[in-house]
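Shown below: start.csv, with CSV, C-alpha atoms.
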chain,number,residue,atom,x,y,z
A,1,MET,CA,83.3,51.4,-197.0
A,2,LYS,CA,82.6,51.7,-193.3
A,3,LEU,CA,85.0,50.7,-190.6
A,4,GLN,CA,83.8,47.8,-188.5
A,5,ARG,CA,83.3,48.2,-184.8
A,6,ASN,CA,85.3,45.1,-183.9
A,7,GLY,CA,89.1,44.6,-184.4
A,8,ARG,CA,89.5,47.6,-186.7
A,9,THR,CA,87.8,49.9,-184.2
A,10,LYS,CA,90.2,48.6,-181.5
A,11,ALA,CA,93.1,49.2,-183.9
A,12,LEU,CA,91.9,52.8,-184.3
A,13,ALA,CA,91.8,53.2,-180.6
A,14,ILE,CA,95.3,51.9,-180.1
A,15,GLY,CA,96.6,54.1,-182.9
A,16,ALA,CA,94.9,57.2,-181.6
A,17,MET,CA,96.2,56.8,-178.0
A,18,ALA,CA,99.7,55.8,-179.3
A,19,LEU,CA,99.9,59.1,-181.2
A,20,VAL,CA,98.6,61.2,-178.3
A,21,GLY,CA,101.1,59.6,-176.0
A,22,SER,CA,104.0,60.2,-178.3
A,23,LEU,CA,103.8,63.9,-179.3
A,24,SER,CA,107.4,64.5,-178.4
A,25,LEU,CA,108.8,61.8,-180.8
A,26,ALA,CA,110.3,62.7,-184.1
A,27,ALA,CA,109.5,60.9,-187.3
A,28,CYS,CA,112.0,58.4,-188.5
A,29,GLY,CA,113.0,57.0,-191.9
A,30,SER,CA,113.0,58.7,-195.3
A,31,ASP,CA,114.1,58.1,-198.8
A,32,ASN,CA,117.0,59.7,-200.5
A,33,ASN,CA,114.9,62.6,-201.8
A,34,THR,CA,113.8,64.0,-198.5
A,35,THR,CA,115.0,67.2,-196.9
A,36,THR,CA,115.3,67.3,-193.1
A,37,SER,CA,113.9,70.3,-191.2
A,38,SER,CA,114.3,70.7,-187.4
A,39,ASP,CA,113.6,74.4,-187.3
A,40,PRO,CA,112.3,75.2,-183.8
A,41,LYS,CA,109.9,77.7,-185.4
A,42,ALA,CA,108.1,74.9,-187.1
A,43,SER,CA,105.9,74.3,-184.1
A,44,GLY,CA,105.9,77.8,-182.8
A,45,SER,CA,107.5,76.5,-179.6
A,46,ALA,CA,110.9,75.9,-178.2
A,47,ALA,CA,111.3,72.6,-180.0
A,48,ALA,CA,109.6,70.8,-182.8
A,49,PRO,CA,109.8,67.2,-184.0
A,50,ALA,CA,112.2,66.7,-186.8
A,51,ALA,CA,110.2,66.6,-190.0
A,52,GLN,CA,111.2,64.4,-192.9
A,53,ILE,CA,109.8,66.3,-195.9
A,54,ALA,CA,110.0,65.2,-199.5
A,55,CYS,CA,109.8,68.5,-201.4
A,56,ALA,CA,108.2,68.7,-204.8
A,57,GLY,CA,106.9,71.5,-207.0
A,58,LYS,CA,107.8,75.2,-207.1
A,59,GLY,CA,106.0,78.4,-206.8
A,60,GLN,CA,102.9,79.6,-204.7
A,61,LEU,CA,100.3,77.2,-203.3
A,62,LEU,CA,97.0,78.9,-202.5
A,63,ALA,CA,94.5,77.5,-200.0
A,64,ALA,CA,91.7,78.8,-197.9
A,65,GLY,CA,88.9,77.7,-195.5
A,66,SER,CA,88.6,76.5,-192.0
A,67,THR,CA,89.8,78.8,-189.3
A,68,ALA,CA,89.8,75.9,-186.8
A,69,GLN,CA,92.9,74.5,-188.4
A,70,GLY,CA,94.6,77.8,-188.7
A,71,ASN,CA,97.1,77.2,-186.0
A,72,ALA,CA,97.9,73.8,-187.4
A,73,ILE,CA,98.5,75.3,-190.8
A,74,ASP,CA,100.8,77.8,-189.3
A,75,VAL,CA,102.9,75.0,-187.8
A,76,TRP,CA,103.0,73.1,-191.0
A,77,LYS,CA,103.8,76.1,-193.2
A,78,ALA,CA,106.8,77.0,-191.0
A,79,ALA,CA,108.2,73.4,-191.2
A,80,TYR,CA,107.5,73.0,-194.9
A,81,GLY,CA,108.8,76.4,-195.8
A,82,SER,CA,112.0,75.8,-194.0
A,83,ALA,CA,112.6,72.5,-195.8
A,84,CYS,CA,111.2,73.5,-199.2
A,85,SER,CA,112.3,77.0,-200.0
A,86,GLY,CA,111.0,76.9,-203.5
A,87,THR,CA,107.4,76.7,-202.5
A,88,THR,CA,105.3,79.4,-200.8
A,89,ILE,CA,102.1,78.3,-199.1
A,90,THR,CA,99.4,80.9,-198.6
A,91,TYR,CA,96.4,80.0,-196.5
A,92,GLY,CA,93.6,82.5,-196.5
A,93,GLY,CA,91.3,81.2,-193.7
A,94,GLY,CA,87.9,82.7,-194.1
A,95,GLY,CA,85.8,79.8,-192.8
A,96,SER,CA,84.9,76.4,-194.2
A,97,GLY,CA,82.0,77.8,-196.4
A,98,ALA,CA,84.2,80.3,-198.0
A,99,GLY,CA,87.0,77.8,-198.6
A,100,VAL,CA,84.7,75.3,-200.3
A,101,GLN,CA,83.3,78.1,-202.5
A,102,GLN,CA,86.8,79.3,-203.5
A,103,PHE,CA,87.8,75.7,-204.3
A,104,ASN,CA,84.8,75.1,-206.5
A,105,GLN,CA,85.6,78.3,-208.3
A,106,GLY,CA,89.1,77.1,-209.0
A,107,LYS,CA,90.7,79.9,-207.0
A,108,VAL,CA,92.7,77.6,-204.6
A,109,SER,CA,94.5,74.3,-204.9
A,110,PHE,CA,92.9,72.9,-201.8
A,111,ALA,CA,90.4,74.0,-199.2
A,112,GLY,CA,90.1,73.3,-195.5
A,113,SER,CA,86.6,72.4,-194.3
A,114,ASP,CA,85.4,71.2,-190.9
A,115,SER,CA,82.5,69.5,-192.7
A,116,PRO,CA,82.6,67.0,-195.6
A,117,LEU,CA,81.4,68.1,-199.0
A,118,LYS,CA,77.7,67.9,-199.5
A,119,PRO,CA,76.4,66.2,-202.7
A,120,ALA,CA,75.6,69.6,-204.3
A,121,GLU,CA,79.2,70.8,-203.4
A,122,VAL,CA,80.7,67.7,-205.0
A,123,ASP,CA,78.7,68.4,-208.2
A,124,ALA,CA,79.9,72.0,-208.2
A,125,SER,CA,83.5,70.8,-207.7
A,126,LYS,CA,83.5,69.1,-211.1
A,127,ALA,CA,83.8,72.4,-212.8
A,128,ALA,CA,87.1,73.1,-211.1
A,129,CYS,CA,88.4,69.5,-211.2
A,130,LYS,CA,87.5,69.1,-214.9
A,131,THR,CA,88.2,65.3,-215.1
A,132,GLY,CA,87.3,64.5,-211.5
A,133,GLN,CA,85.6,65.8,-208.4
A,134,GLY,CA,86.4,67.1,-205.0
A,135,ILE,CA,87.1,64.6,-202.2
A,136,ASP,CA,87.5,64.8,-198.4
A,137,LEU,CA,90.8,63.9,-196.8
A,138,PRO,CA,90.7,64.0,-193.0
A,139,MET,CA,93.8,65.9,-191.9
A,140,VAL,CA,93.3,67.8,-188.6
A,141,GLY,CA,91.6,66.2,-185.6
A,142,GLY,CA,90.2,68.6,-183.1
A,143,LEU,CA,87.6,69.2,-180.5
A,144,ILE,CA,85.2,72.0,-180.0
A,145,SER,CA,85.8,73.6,-176.6
A,146,ILE,CA,82.9,75.4,-174.9
A,147,VAL,CA,84.7,78.4,-173.6
A,148,TYR,CA,83.4,80.7,-170.9
A,149,ASN,CA,84.3,83.7,-168.9
A,150,VAL,CA,82.5,83.7,-165.5
A,151,ASP,CA,84.2,85.1,-162.4
A,152,GLY,CA,84.6,82.5,-159.7
A,153,VAL,CA,83.6,79.6,-161.9
A,154,ASP,CA,86.6,77.4,-162.7
A,155,ASN,CA,85.0,74.0,-163.4
A,156,LEU,CA,81.8,74.4,-165.3
A,157,VAL,CA,79.8,71.4,-166.4
A,158,LEU,CA,77.2,71.5,-169.1
A,159,ASP,CA,75.2,69.0,-171.2
A,160,GLY,CA,73.6,68.9,-174.6
A,161,PRO,CA,70.1,70.1,-173.7
A,162,THR,CA,71.5,72.9,-171.5
A,163,LEU,CA,73.9,74.1,-174.3
A,164,ALA,CA,71.1,74.0,-176.8
A,165,LYS,CA,69.0,76.2,-174.6
A,166,ILE,CA,71.8,78.6,-173.9
A,167,PHE,CA,72.7,79.1,-177.6
A,168,ASP,CA,69.0,79.5,-178.5
A,169,SER,CA,68.4,82.1,-175.7
A,170,GLN,CA,66.0,79.8,-173.8
A,171,ILE,CA,68.4,79.9,-170.8
A,172,THR,CA,69.5,83.5,-170.2
A,173,LYS,CA,70.9,83.5,-166.6
A,174,TRP,CA,74.0,81.8,-165.3
A,175,ASN,CA,72.2,80.7,-162.1
A,176,ALA,CA,69.4,79.1,-164.1
A,177,PRO,CA,68.1,75.9,-162.5
A,178,GLU,CA,69.3,73.8,-165.4
A,179,ILE,CA,72.9,75.0,-165.0
A,180,ALA,CA,72.8,74.9,-161.2
A,181,LYS,CA,71.7,71.3,-161.3
A,182,LEU,CA,74.8,70.3,-163.3
A,183,ASN,CA,77.1,72.3,-160.9
A,184,PRO,CA,76.1,71.6,-157.3
A,185,GLY,CA,78.0,73.7,-154.8
A,186,VAL,CA,79.2,76.2,-157.5
A,187,ASN,CA,78.5,79.8,-156.8
A,188,LEU,CA,76.8,80.8,-160.1
A,189,PRO,CA,76.2,84.5,-160.5
A,190,ASP,CA,72.8,86.1,-161.1
A,191,ALA,CA,74.1,87.5,-164.4
A,192,ASP,CA,72.9,87.5,-168.0
A,193,ILE,CA,74.6,85.0,-170.3
A,194,GLN,CA,76.4,86.6,-173.2
A,195,ALA,CA,76.4,83.9,-175.9
A,196,PHE,CA,78.6,84.3,-179.0
A,197,HIS,CA,78.3,82.5,-182.3
A,198,ARG,CA,80.1,82.6,-185.7
A,199,SER,CA,79.0,85.3,-188.1
A,200,ASP,CA,80.7,83.5,-191.1
A,201,ASP,CA,79.6,80.1,-192.5
A,202,SER,CA,81.6,77.7,-190.4
A,203,GLY,CA,82.3,74.0,-190.2
A,204,THR,CA,82.8,74.4,-186.4
A,205,THR,CA,79.2,75.7,-186.3
A,206,ASP,CA,78.1,72.7,-188.4
A,207,ASN,CA,79.8,70.3,-185.9
A,208,LEU,CA,78.4,72.1,-182.9
A,209,THR,CA,74.9,72.1,-184.3
A,210,LYS,CA,75.2,68.4,-185.2
A,211,TYR,CA,76.0,67.7,-181.5
A,212,LEU,CA,73.1,69.9,-180.3
A,213,SER,CA,70.7,68.0,-182.7
A,214,LYS,CA,72.0,64.6,-181.5
A,215,ALA,CA,72.5,65.3,-177.8
A,216,GLY,CA,70.2,68.2,-177.2
A,217,GLY,CA,67.1,66.2,-176.2
A,218,GLY,CA,65.0,68.0,-178.7
A,219,ALA,CA,65.9,71.5,-177.3
A,220,TRP,CA,67.6,72.4,-180.6
A,221,SER,CA,64.9,72.7,-183.2
A,222,TYR,CA,67.0,73.8,-186.2
A,223,PRO,CA,68.8,71.7,-188.8
A,224,SER,CA,72.5,71.4,-188.4
A,225,GLY,CA,74.6,73.5,-190.8
A,226,LYS,CA,77.4,76.0,-191.3
A,227,THR,CA,75.1,79.0,-191.0
A,228,TRP,CA,74.0,79.9,-187.5
A,229,ALA,CA,70.3,79.5,-186.9
A,230,GLY,CA,69.8,79.9,-183.2
A,231,LYS,CA,67.9,82.9,-181.7
A,232,GLY,CA,69.6,85.8,-180.0
A,233,GLY,CA,73.2,86.0,-179.0
A,234,GLN,CA,76.0,88.0,-180.6
A,235,SER,CA,78.3,87.1,-183.5
A,236,ALA,CA,82.0,87.3,-184.3
A,237,ASN,CA,84.1,86.3,-187.3
A,238,GLY,CA,86.2,83.2,-187.2
A,239,SER,CA,87.5,81.1,-184.2
A,240,ALA,CA,89.9,83.9,-183.3
A,241,GLY,CA,87.1,86.4,-183.2
A,242,LEU,CA,85.0,84.3,-180.9
A,243,ALA,CA,87.9,83.6,-178.6
A,244,ALA,CA,88.7,87.3,-178.4
A,245,GLN,CA,85.1,88.1,-177.5
A,246,VAL,CA,85.0,85.6,-174.7
A,247,LYS,CA,88.3,86.8,-173.3
A,248,GLN,CA,87.1,90.4,-173.2
A,249,VAL,CA,83.4,90.0,-172.2
A,250,LYS,CA,82.4,89.0,-168.7
A,251,ASN,CA,79.7,86.2,-168.3
A,252,SER,CA,80.2,85.1,-171.9
A,253,ILE,CA,80.2,81.7,-173.5
A,254,SER,CA,81.1,80.4,-177.0
A,255,TYR,CA,82.6,77.6,-179.0
A,256,VAL,CA,86.1,77.4,-180.5
A,257,GLU,CA,88.6,74.7,-181.4
A,258,LEU,CA,90.7,73.8,-178.4
A,259,SER,CA,93.8,75.3,-179.9
A,260,PHE,CA,92.2,78.8,-179.7
A,261,ALA,CA,91.0,78.1,-176.1
A,262,GLN,CA,94.6,77.3,-175.1
A,263,THR,CA,96.2,80.2,-177.0
A,264,ASN,CA,93.8,82.6,-175.3
A,265,SER,CA,94.0,81.0,-171.8
A,266,LEU,CA,90.2,80.4,-171.8
A,267,LYS,CA,88.4,78.0,-169.5
A,268,SER,CA,86.7,75.1,-171.1
A,269,ALA,CA,83.5,73.4,-169.8
A,270,SER,CA,83.3,69.7,-169.2
A,271,ILE,CA,80.4,67.9,-170.8
A,272,ASN,CA,77.9,65.6,-169.0
A,273,THR,CA,77.3,62.9,-171.6
A,274,GLY,CA,75.5,60.4,-169.4
A,275,ALA,CA,78.8,58.6,-168.6
A,276,SER,CA,79.7,58.1,-164.9
A,277,LYS,CA,81.4,61.5,-164.8
A,278,PRO,CA,81.6,64.6,-166.9
A,279,VAL,CA,84.2,64.5,-169.7
A,280,ALA,CA,86.8,67.2,-169.9
A,281,ALA,CA,87.8,68.9,-173.2
A,282,THR,CA,91.2,67.2,-173.7
A,283,ALA,CA,93.0,65.7,-176.7
A,284,GLU,CA,93.1,62.3,-175.0
A,285,ASN,CA,89.3,62.3,-174.5
A,286,ALA,CA,88.7,63.4,-178.1
A,287,ALA,CA,91.0,60.7,-179.3
A,288,ASN,CA,88.7,58.1,-177.7
A,289,THR,CA,85.9,59.4,-179.8
A,290,PHE,CA,87.9,59.5,-183.0
A,291,ALA,CA,89.0,55.9,-182.4
A,292,LYS,CA,85.4,54.8,-183.1
A,293,ALA,CA,84.8,57.0,-186.1
A,294,LYS,CA,83.5,55.3,-189.3
A,295,VAL,CA,84.5,56.1,-192.8
A,296,ALA,CA,81.3,57.0,-194.6
A,297,GLY,CA,82.8,58.2,-197.9
A,298,THR,CA,83.3,55.9,-200.9
A,299,GLY,CA,86.3,55.4,-203.1
A,300,SER,CA,89.0,58.0,-202.5
A,301,ASP,CA,86.6,60.1,-200.4
A,302,LEU,CA,87.3,59.6,-196.7
A,303,ALA,CA,84.5,61.6,-195.0
A,304,LEU,CA,83.9,60.4,-191.5
A,305,GLU,CA,80.8,59.6,-189.5
A,306,LEU,CA,81.3,60.8,-185.9
A,307,ASP,CA,79.3,59.8,-182.8
A,308,TYR,CA,78.3,63.2,-181.3
A,309,ALA,CA,75.9,61.5,-178.8
A,310,THR,CA,78.5,59.1,-177.4
A,311,LYS,CA,78.1,58.1,-173.7
A,312,ASP,CA,81.3,56.0,-173.6
A,313,GLU,CA,83.5,56.7,-170.6
A,314,GLY,CA,86.2,59.3,-171.3
A,315,SER,CA,84.9,60.1,-174.8
A,316,TYR,CA,84.5,63.8,-175.5
A,317,PRO,CA,81.5,64.2,-177.9
A,318,LEU,CA,82.2,67.7,-179.3
A,319,VAL,CA,84.8,66.7,-181.9
A,320,LEU,CA,85.5,67.9,-185.4
A,321,VAL,CA,87.7,66.9,-188.3
A,322,THR,CA,89.1,69.4,-190.7
A,323,TYR,CA,89.2,67.9,-194.2
A,324,GLU,CA,91.5,69.1,-197.0
A,325,ILE,CA,89.4,69.3,-200.1
A,326,VAL,CA,91.3,68.3,-203.2
A,327,CYS,CA,90.4,67.0,-206.7
A,328,ASP,CA,90.8,63.3,-207.1
A,329,LYS,CA,91.6,64.0,-210.8
A,330,GLY,CA,91.9,67.2,-212.7
A,331,ASN,CA,94.2,69.1,-210.3
A,332,LYS,CA,96.1,72.0,-211.7
A,333,ALA,CA,99.3,70.7,-213.2
A,334,ASP,CA,101.5,73.5,-211.9
A,335,THR,CA,100.6,72.9,-208.3
A,336,LEU,CA,99.8,69.2,-208.1
A,337,ASP,CA,103.3,68.1,-207.1
A,338,ALA,CA,103.4,70.7,-204.3
A,339,VAL,CA,99.9,69.8,-203.1
A,340,LYS,CA,100.9,66.1,-202.8
A,341,SER,CA,104.2,66.9,-201.2
A,342,PHE,CA,102.6,69.2,-198.6
A,343,LEU,CA,99.7,66.9,-197.7
A,344,THR,CA,102.1,63.9,-197.5
A,345,TYR,CA,104.0,65.8,-194.8
A,346,THR,CA,100.9,67.0,-192.9
A,347,ILE,CA,99.5,63.5,-192.6
A,348,SER,CA,102.8,61.9,-191.7
A,349,ASP,CA,103.6,61.0,-188.1
A,350,ALA,CA,105.9,64.0,-187.9
A,351,GLY,CA,103.2,66.4,-189.2
A,352,GLN,CA,100.5,65.0,-186.9
A,353,GLN,CA,102.9,65.1,-183.8
A,354,ALA,CA,103.9,68.7,-184.6
A,355,ILE,CA,100.4,70.0,-184.0
A,356,GLY,CA,99.7,67.9,-180.9
A,357,SER,CA,101.2,70.5,-178.6
A,358,LYS,CA,98.8,73.1,-180.1
A,359,GLY,CA,95.6,71.4,-178.9
A,360,TYR,CA,95.0,69.2,-181.9
A,361,VAL,CA,94.3,65.5,-181.8
A,362,PRO,CA,96.6,63.3,-184.0
A,363,LEU,CA,94.5,61.1,-186.2
A,364,PRO,CA,94.4,57.4,-185.5
A,365,LYS,CA,97.2,55.6,-187.4
A,366,GLU,CA,94.8,53.4,-189.3
A,367,LEU,CA,92.9,56.5,-190.6
A,368,ALA,CA,96.1,58.4,-191.3
A,369,SER,CA,97.3,55.4,-193.3
A,370,LYS,CA,94.2,55.5,-195.5
A,371,VAL,CA,94.9,59.2,-196.3
A,372,GLN,CA,98.5,58.4,-197.0
A,373,GLN,CA,97.4,55.8,-199.6
A,374,VAL,CA,95.1,58.3,-201.4
A,375,ILE,CA,97.5,61.2,-201.8
A,376,PRO,CA,99.8,59.6,-204.3
A,377,THR,CA,96.8,58.7,-206.5
A,378,LEU,CA,95.8,62.4,-207.0
A,379,ALA,CA,96.1,63.4,-210.6

As structure tokens, the full file:
Amino acid sequence: MKLQRNGRTKALAIGAMALVGSLSLAACGSDNNTTTSSDPKASGSAAAPAAQIACAGKGQLLAAGSTAQGNAIDVWKAAYGSACSGTTITYGGGGSGAGVQQFNQGKVSFAGSDSPLKPAEVDASKAACKTGQGIDLPMVGGLISIVYNVDGVDNLVLDGPTLAKIFDSQITKWNAPEIAKLNPGVNLPDADIQAFHRSDDSGTTDNLTKYLSKAGGGAWSYPSGKTWAGKGGQSANGSAGLAAQVKQVKNSISYVELSFAQTNSLKSASINTGASKPVAATAENAANTFAKAKVAGTGSDLALELDYATKDEGSYPLVLVTYEIVCDKGNKADTLDAVKSFLTYTISDAGQQAIGSKGYVPLPKELASKVQQVIPTLA
């Protein structure tokens, strides 16, 4: 069930760019059972798109996992909570690995993961899903920003091999020849590089290491995965922890979802992909990459195949998708209606637009439509 690279790929591109260009628009149209919420707090900013939310279910909805989508969840919780006062959503974060583990243990109704379920995790999910299994629903589009804190350096350019060597302690000085070659005319300091990586099992780490494996020119010798494998460096917990370290520590570098880079006013490196010019870490450039993503999952599972080694003009390669992991069948009866209601909102135009101002990338409309078709079938 893969997307073709012809007309459907073009449709994805058009959908992605249309959403990125319309972040200020409100959703329109609803049925008679919807509750309208236009609470400014919904986006954490002065104004939020009006959200048409069809409330369902009562009580507490527990979820956990990806910290990369934490800021998006905060926006959605505020809007949904304002419209649907009978439901309380508690999202525990903790990282993708912890979220999948809690989901498979039956502790949460859904989990956020920046990596799709592996076969062994799907098998483990059957214990929690009873009559079904866990599936991946793309929900939050984002990009991994290579954030840095180097005095006097405002427009840093890096590439796959250089990043692989930096995060594996093969390059340890900011004025190393490999970095200087990518940044002609930039006054790079003769200072030690302080590289930070995640201490917790992380889908962001998984996506970064997939990029390093694909675009690192052989400099990254480890398998990609949620657990950090590179040599040296220092660690911190969660995207917020990494962002805080880079903000505080001079001559540091790390990787966080763009939302955390923006929230902490951190500088983001551009990536030399082999295109005619380096590609900046922007939602628009990430949307160009998402537009060419393929659906690799089968049936109701919508896991994506992303091109981390893209050399297309204006396509930022370090992207990630946060999936909401749910049971296709065998969901808990007391929370199923609320899960479907909440996820229906988050994948709606209003839900996707609401997180655009937070550094996330609205998913292409064709892909969002696939998710919208699956949610009502959850049982």

Open item on the list: Under the rule that all atoms listed in the file are counted, which of A:Glu178, A:Leu378, A:Leu242, A:Pro364 is the nearest residue to Asp337 (chain A)?
Closed with: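 Going through A:Glu178, A:Leu378, A:Leu242, A:Pro364 one by one, the smallest distance to Asp337 (chain A) is for A:Leu378.
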
Task: Residues near region 69-76 of chain A, cut-off 10 Å, all atoms listed in the file, skip fewer than 3 positions along chain, as a ChimeraX atom specification - done: /A:41-45,48,51,64-66,79-82,89-95,112-114,139-142,239-240,257,259-260,263,321-323,342-343,345-346,351-352,354-360

TODO: Provide the CA of Thr131 (chain A) to CA of Ala333 (chain A) distance in Å, to one decimal place.
DONE: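 Going from CA of Thr131 (chain A) over to CA of Ala333 (chain A), I get 12.5 Å.
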
- [ ] Find the residues around Gln245 (chain A) up to 12 Å (all atoms listed in the file counted), leave out those fewer than 3 positions away in its own chain, and share them as a ChimeraX atom specification.
- [x] /A:147-149,194-198,234-242,248-256,260-261,264,266

TODO: For Val339 (chain A), please output as a ChimeraX atom specification all residues within 10 Å (counting only C-alpha atoms; exclusion window: fewer than 2 positions along the same chain).
DONE: /A:56-57,61-63,89,109-110,326,331-332,334-337,341-344,375,378

Task: Among the residues A:Leu117, A:Ala111, A:Cys84, A:Val150, the one that comes closest to Lys247 (chain A) [using only C-alpha atoms] - done: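 Checking each of A:Leu117, A:Ala111, A:Cys84, A:Val150 against Lys247 (chain A), counting only C-alpha atoms, the winner is A:Val150.
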
Open item on the list: Between CA of Thr377 (chain A) and CA of Leu137 (chain A), what distance in Å does the model show, to one decimal?
Closed with: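 Calculated distance between CA of Thr377 (chain A) and CA of Leu137 (chain A) is 12.5 Å.
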
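Of the listed residues A:Asp307, A:Glu324, A:Asp201, A:Asp151, the one whose atoms come nearest to Pro138 (chain A) is A:Glu324, with distances taken using all atoms listed in the file.
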
Task: Among the residues A:Ser221, A:Gln262, A:Thr209, A:Thr204, the one that comes closest to Gln170 (chain A) [using all atoms listed in the file] - done: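 Using all atoms listed in the file, the shortest distance to Gln170 (chain A) belongs to A:Ser221.
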
Show which residues sit within 7 Å of Tyr211 (chain A), as a PDB file with C-alpha atoms, in the frame of the given file. Count only C-alpha atoms, and ignore same-chain residues fewer than 5 positions away.
ATOM      1  CA  TYR A 308      78.300  63.200-181.300  1.00  0.00           C
ATOM      2  CA  ALA A 309      75.900  61.500-178.800  1.00  0.00           C
ATOM      3  CA  LEU A 318      82.200  67.700-179.300  1.00  0.00           C
TER       4      LEU A 318
END

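Residues lying within 8 Å of Val153 (chain A), counting only C-alpha atoms and ignoring same-chain neighbours fewer than 3 positions away, are Val150, Leu156, Val186, Asn187 and Leu188 of chain A.
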
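Ranking A:Ala191, A:Ala243, A:Leu143, A:Cys327 by their shortest atom-to-atom distance to Ser125 (chain A), with all atoms listed in the file included, puts A:Cys327 first.
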
Just so I have it separately, write region 206-217 of chain A from the block I sent, keeping N, CA, C and O atoms, as a compact mmCIF listing (two decimals), in the first residue's frame.
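Output contents, as saved in result-v9.txt:
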# COMPACT_ATOMS: atom_id res chain seq x y z
N ASP A 206 15.94 8.03 17.06
CA ASP A 206 15.79 7.05 16.00
C ASP A 206 15.79 7.72 14.64
O ASP A 206 16.48 7.28 13.70
N ASN A 207 15.05 8.82 14.49
CA ASN A 207 15.00 9.52 13.21
C ASN A 207 16.33 10.17 12.88
O ASN A 207 16.77 10.16 11.72
N LEU A 208 16.99 10.76 13.88
CA LEU A 208 18.30 11.36 13.63
C LEU A 208 19.29 10.30 13.15
O LEU A 208 20.02 10.51 12.18
N THR A 209 19.32 9.16 13.83
CA THR A 209 20.30 8.13 13.47
C THR A 209 19.95 7.47 12.13
O THR A 209 20.86 6.98 11.43
N LYS A 210 18.68 7.45 11.76
CA LYS A 210 18.33 6.99 10.42
C LYS A 210 18.91 7.95 9.38
O LYS A 210 19.44 7.51 8.34
N TYR A 211 18.83 9.24 9.65
CA TYR A 211 19.44 10.23 8.76
C TYR A 211 20.95 10.05 8.70
O TYR A 211 21.54 10.04 7.61
N LEU A 212 21.60 9.89 9.86
CA LEU A 212 23.05 9.73 9.88
C LEU A 212 23.47 8.46 9.14
O LEU A 212 24.52 8.43 8.47
N SER A 213 22.67 7.41 9.23
CA SER A 213 22.97 6.17 8.53
C SER A 213 22.82 6.32 7.02
O SER A 213 23.62 5.79 6.25
N LYS A 214 21.79 7.07 6.60
CA LYS A 214 21.51 7.24 5.17
C LYS A 214 22.38 8.30 4.51
O LYS A 214 22.81 8.15 3.37
N ALA A 215 22.65 9.39 5.26
CA ALA A 215 23.33 10.55 4.65
C ALA A 215 24.72 10.79 5.23
O ALA A 215 25.36 11.77 4.88
N GLY A 216 25.19 9.89 6.10
CA GLY A 216 26.46 10.11 6.77
C GLY A 216 27.68 9.64 6.01
O GLY A 216 28.81 9.76 6.51
N GLY A 217 27.49 9.11 4.82
CA GLY A 217 28.63 8.70 4.02
C GLY A 217 29.49 7.63 4.68
O GLY A 217 30.70 7.58 4.45
